[in-house]
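Colleague: One structure coming up, written as structure tokens, with questions to follow.
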Amino acid sequence: MSYEVRQFEPSDINSVVTINRTCLPENYPEQFFMGLHYHAPKAFLVATIEESVIGYIMCRIERGISNYGRLPVKKGHIVSVAVMPELREQGIGTKLIVTALEEMSNYGATEYFLEVRKSNSEAVSVYETLCFDIKKVLRGYYRDGEDAYLMSKKGSEEVEDSAIE
Ligand SMILES: CC(C)(COP(=O)(O)OP(=O)(O)OC[C@H]1O[C@@H](n2cnc3c(N)ncnc32)[C@H](O)[C@@H]1OP(=O)(O)O)[C@@H](O)C(=O)NCCC(=O)NCCS
């Protein structure tokens, strides 16, 4: 099945909200998606098959102390990613994540992180394949009380002071 990955457009909002509600218990109002698009449009991507949206990833660029040292850095946060159930295990999720990492690097992120349910072994395995490591357990992170793994990955570029505004 041939698919494409492109930047999210505001007209995709209904499809993205539907995929989010279908695939994840963490759901958000439309303004949340649009706010992330406003914040980092190039790192909000959709996957399409014959122009139908079947997956998305949205991200935020955040400043904070590095998970790999003591310096403040720009970090790329994968806020949400999902692919429709019937279209999984074909590499679409990986393509969305890899493309988003590149775009977050273009925004100056030098490392990446995300939270994932401990029980979500499929997602954890995809992230491990992409060289994300489990950094810590966030106890009771989700509303239903489940723990999250905080997973992170270092960017391939060396941290340069000039990259940090
Ligand atoms: C996590 C998620 C986005 C992954 O999407 P996906 O499109 O299935 O991801 P991929 O196809 O790239 O990879 C999934 C697995 O399929 C395998 N795969 C990839 N291409 C394949 C192919 N052509 N044939 C068979 N398997 C394949 C990958 O190796 C991977 O397995 P592994 O990581 O155990 O090695 C998807 O499972 C999902 O939407 N889950 C629900 C929402 C969710 O949990 N999001 C993450 C919250 S943090």
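Simple scheme: letters A, B, ... for chains in structure tokens order, numbers from 1 for residues in each chain, numbers from 1 for ligands in the order shown.
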Which residues come within 7 Å of range 33-37 of chain A, counting only C-alpha atoms, excluding same-chain residues fewer than 6 positions away, as a list in words?
Modeller: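 Surrounding residues, per the criterion: Phe44, Met58, Cys59 and Arg60 of chain A.
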Colleague: Which residues are near ligand 1 - at most 10 Å, using only C-alpha atoms and all ligand atoms? Format: as number ranges by chain.
Modeller: A: 1, 19-26, 47, 54-57, 78-98, 114-130, 148-151
Colleague: Kindly indicate which residue among A:Ala109, A:Cys131, A:Leu138, A:Val17 lies nearest to Pro72 in chain A, using only C-alpha atoms for the distances.
Modeller: A:Ala109
Colleague: How far is it from CA of Tyr28 in chain A to CA of Asn14 in chain A, in Å with one decimal?
Modeller: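 Computing it gives 12.1 Å between the two atoms.
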Colleague: Hey, what does DSSP flag as strand (DSSP E) within range 26-120 of chain A? Can you give it to me as a PyMOL selection string?
Modeller: chain A and resi 45-49+52-65+72-83+111-117
Colleague: Could you please take those selected residues and save C-alpha atoms as a compact mmCIF listing (two decimals), in the first residue's frame?
Modeller:
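Dumped to selection.txt:
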```txt
# COMPACT_ATOMS: atom_id res chain seq x y z
CA LEU A 45 2.74 15.60 9.96
CA VAL A 46 0.07 13.38 8.50
CA ALA A 47 0.31 10.10 6.59
CA THR A 48 -2.11 9.75 3.69
CA ILE A 49 -3.27 6.98 1.38
CA SER A 52 -7.18 10.12 3.04
CA VAL A 53 -5.43 10.88 6.31
CA ILE A 54 -4.62 7.60 8.10
CA GLY A 55 -2.01 8.68 10.65
CA TYR A 56 -0.43 11.72 12.28
CA ILE A 57 2.34 12.89 14.56
CA MET A 58 2.48 16.18 16.46
CA CYS A 59 5.38 17.59 18.41
CA ARG A 60 6.50 20.51 20.53
CA ILE A 61 9.90 22.14 20.88
CA GLU A 62 10.67 22.68 24.57
CA ARG A 63 13.57 24.11 26.50
CA GLY A 64 14.92 22.24 29.49
CA ILE A 65 17.88 20.57 31.08
CA PRO A 72 19.81 23.72 28.93
CA VAL A 73 18.90 22.49 25.45
CA LYS A 74 16.05 22.52 22.98
CA LYS A 75 14.25 19.21 23.16
CA GLY A 76 11.83 17.78 20.64
CA HIS A 77 8.78 16.35 22.41
CA ILE A 78 6.66 13.81 20.54
CA VAL A 79 3.26 14.71 21.99
CA SER A 80 1.10 12.23 20.06
CA VAL A 81 1.45 9.78 17.19
CA ALA A 82 -1.03 7.27 15.81
CA VAL A 83 -1.73 5.16 12.75
CA GLU A 111 17.48 15.57 21.72
CA TYR A 112 14.02 14.06 21.71
CA PHE A 113 11.65 12.61 24.27
CA LEU A 114 8.16 11.24 24.77
CA GLU A 115 5.93 9.57 27.33
CA VAL A 116 4.40 6.18 26.62
CA ARG A 117 2.20 3.85 28.67
```
Colleague: Tell me which of A:Ser156, A:Leu71, A:Tyr142, A:Gln7 sits closest to Ala100 in chain A, counting only C-alpha atoms.
Modeller: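 The answer is A:Gln7, which sits nearest to Ala100 in chain A.
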Colleague: DSSP on the backbone: which residues in range 49-134 of chain A end up as alpha helix (DSSP H)? Give the answer as JSON, numbers by chain.
Modeller: {"A": [92, 93, 94, 95, 96, 97, 98, 99, 100, 101, 102, 103, 104, 105, 106, 121, 122, 123, 124, 125, 126, 127, 128, 129]}
Colleague: From the set A:Arg139, A:Glu50, A:Tyr107, A:Gly155, which residue has the shortest atom-to-atom contact distance to Tyr3 in chain A, counting only C-alpha atoms?
Modeller: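 Among the listed residues, A:Glu50 lies closest to Tyr3 in chain A.
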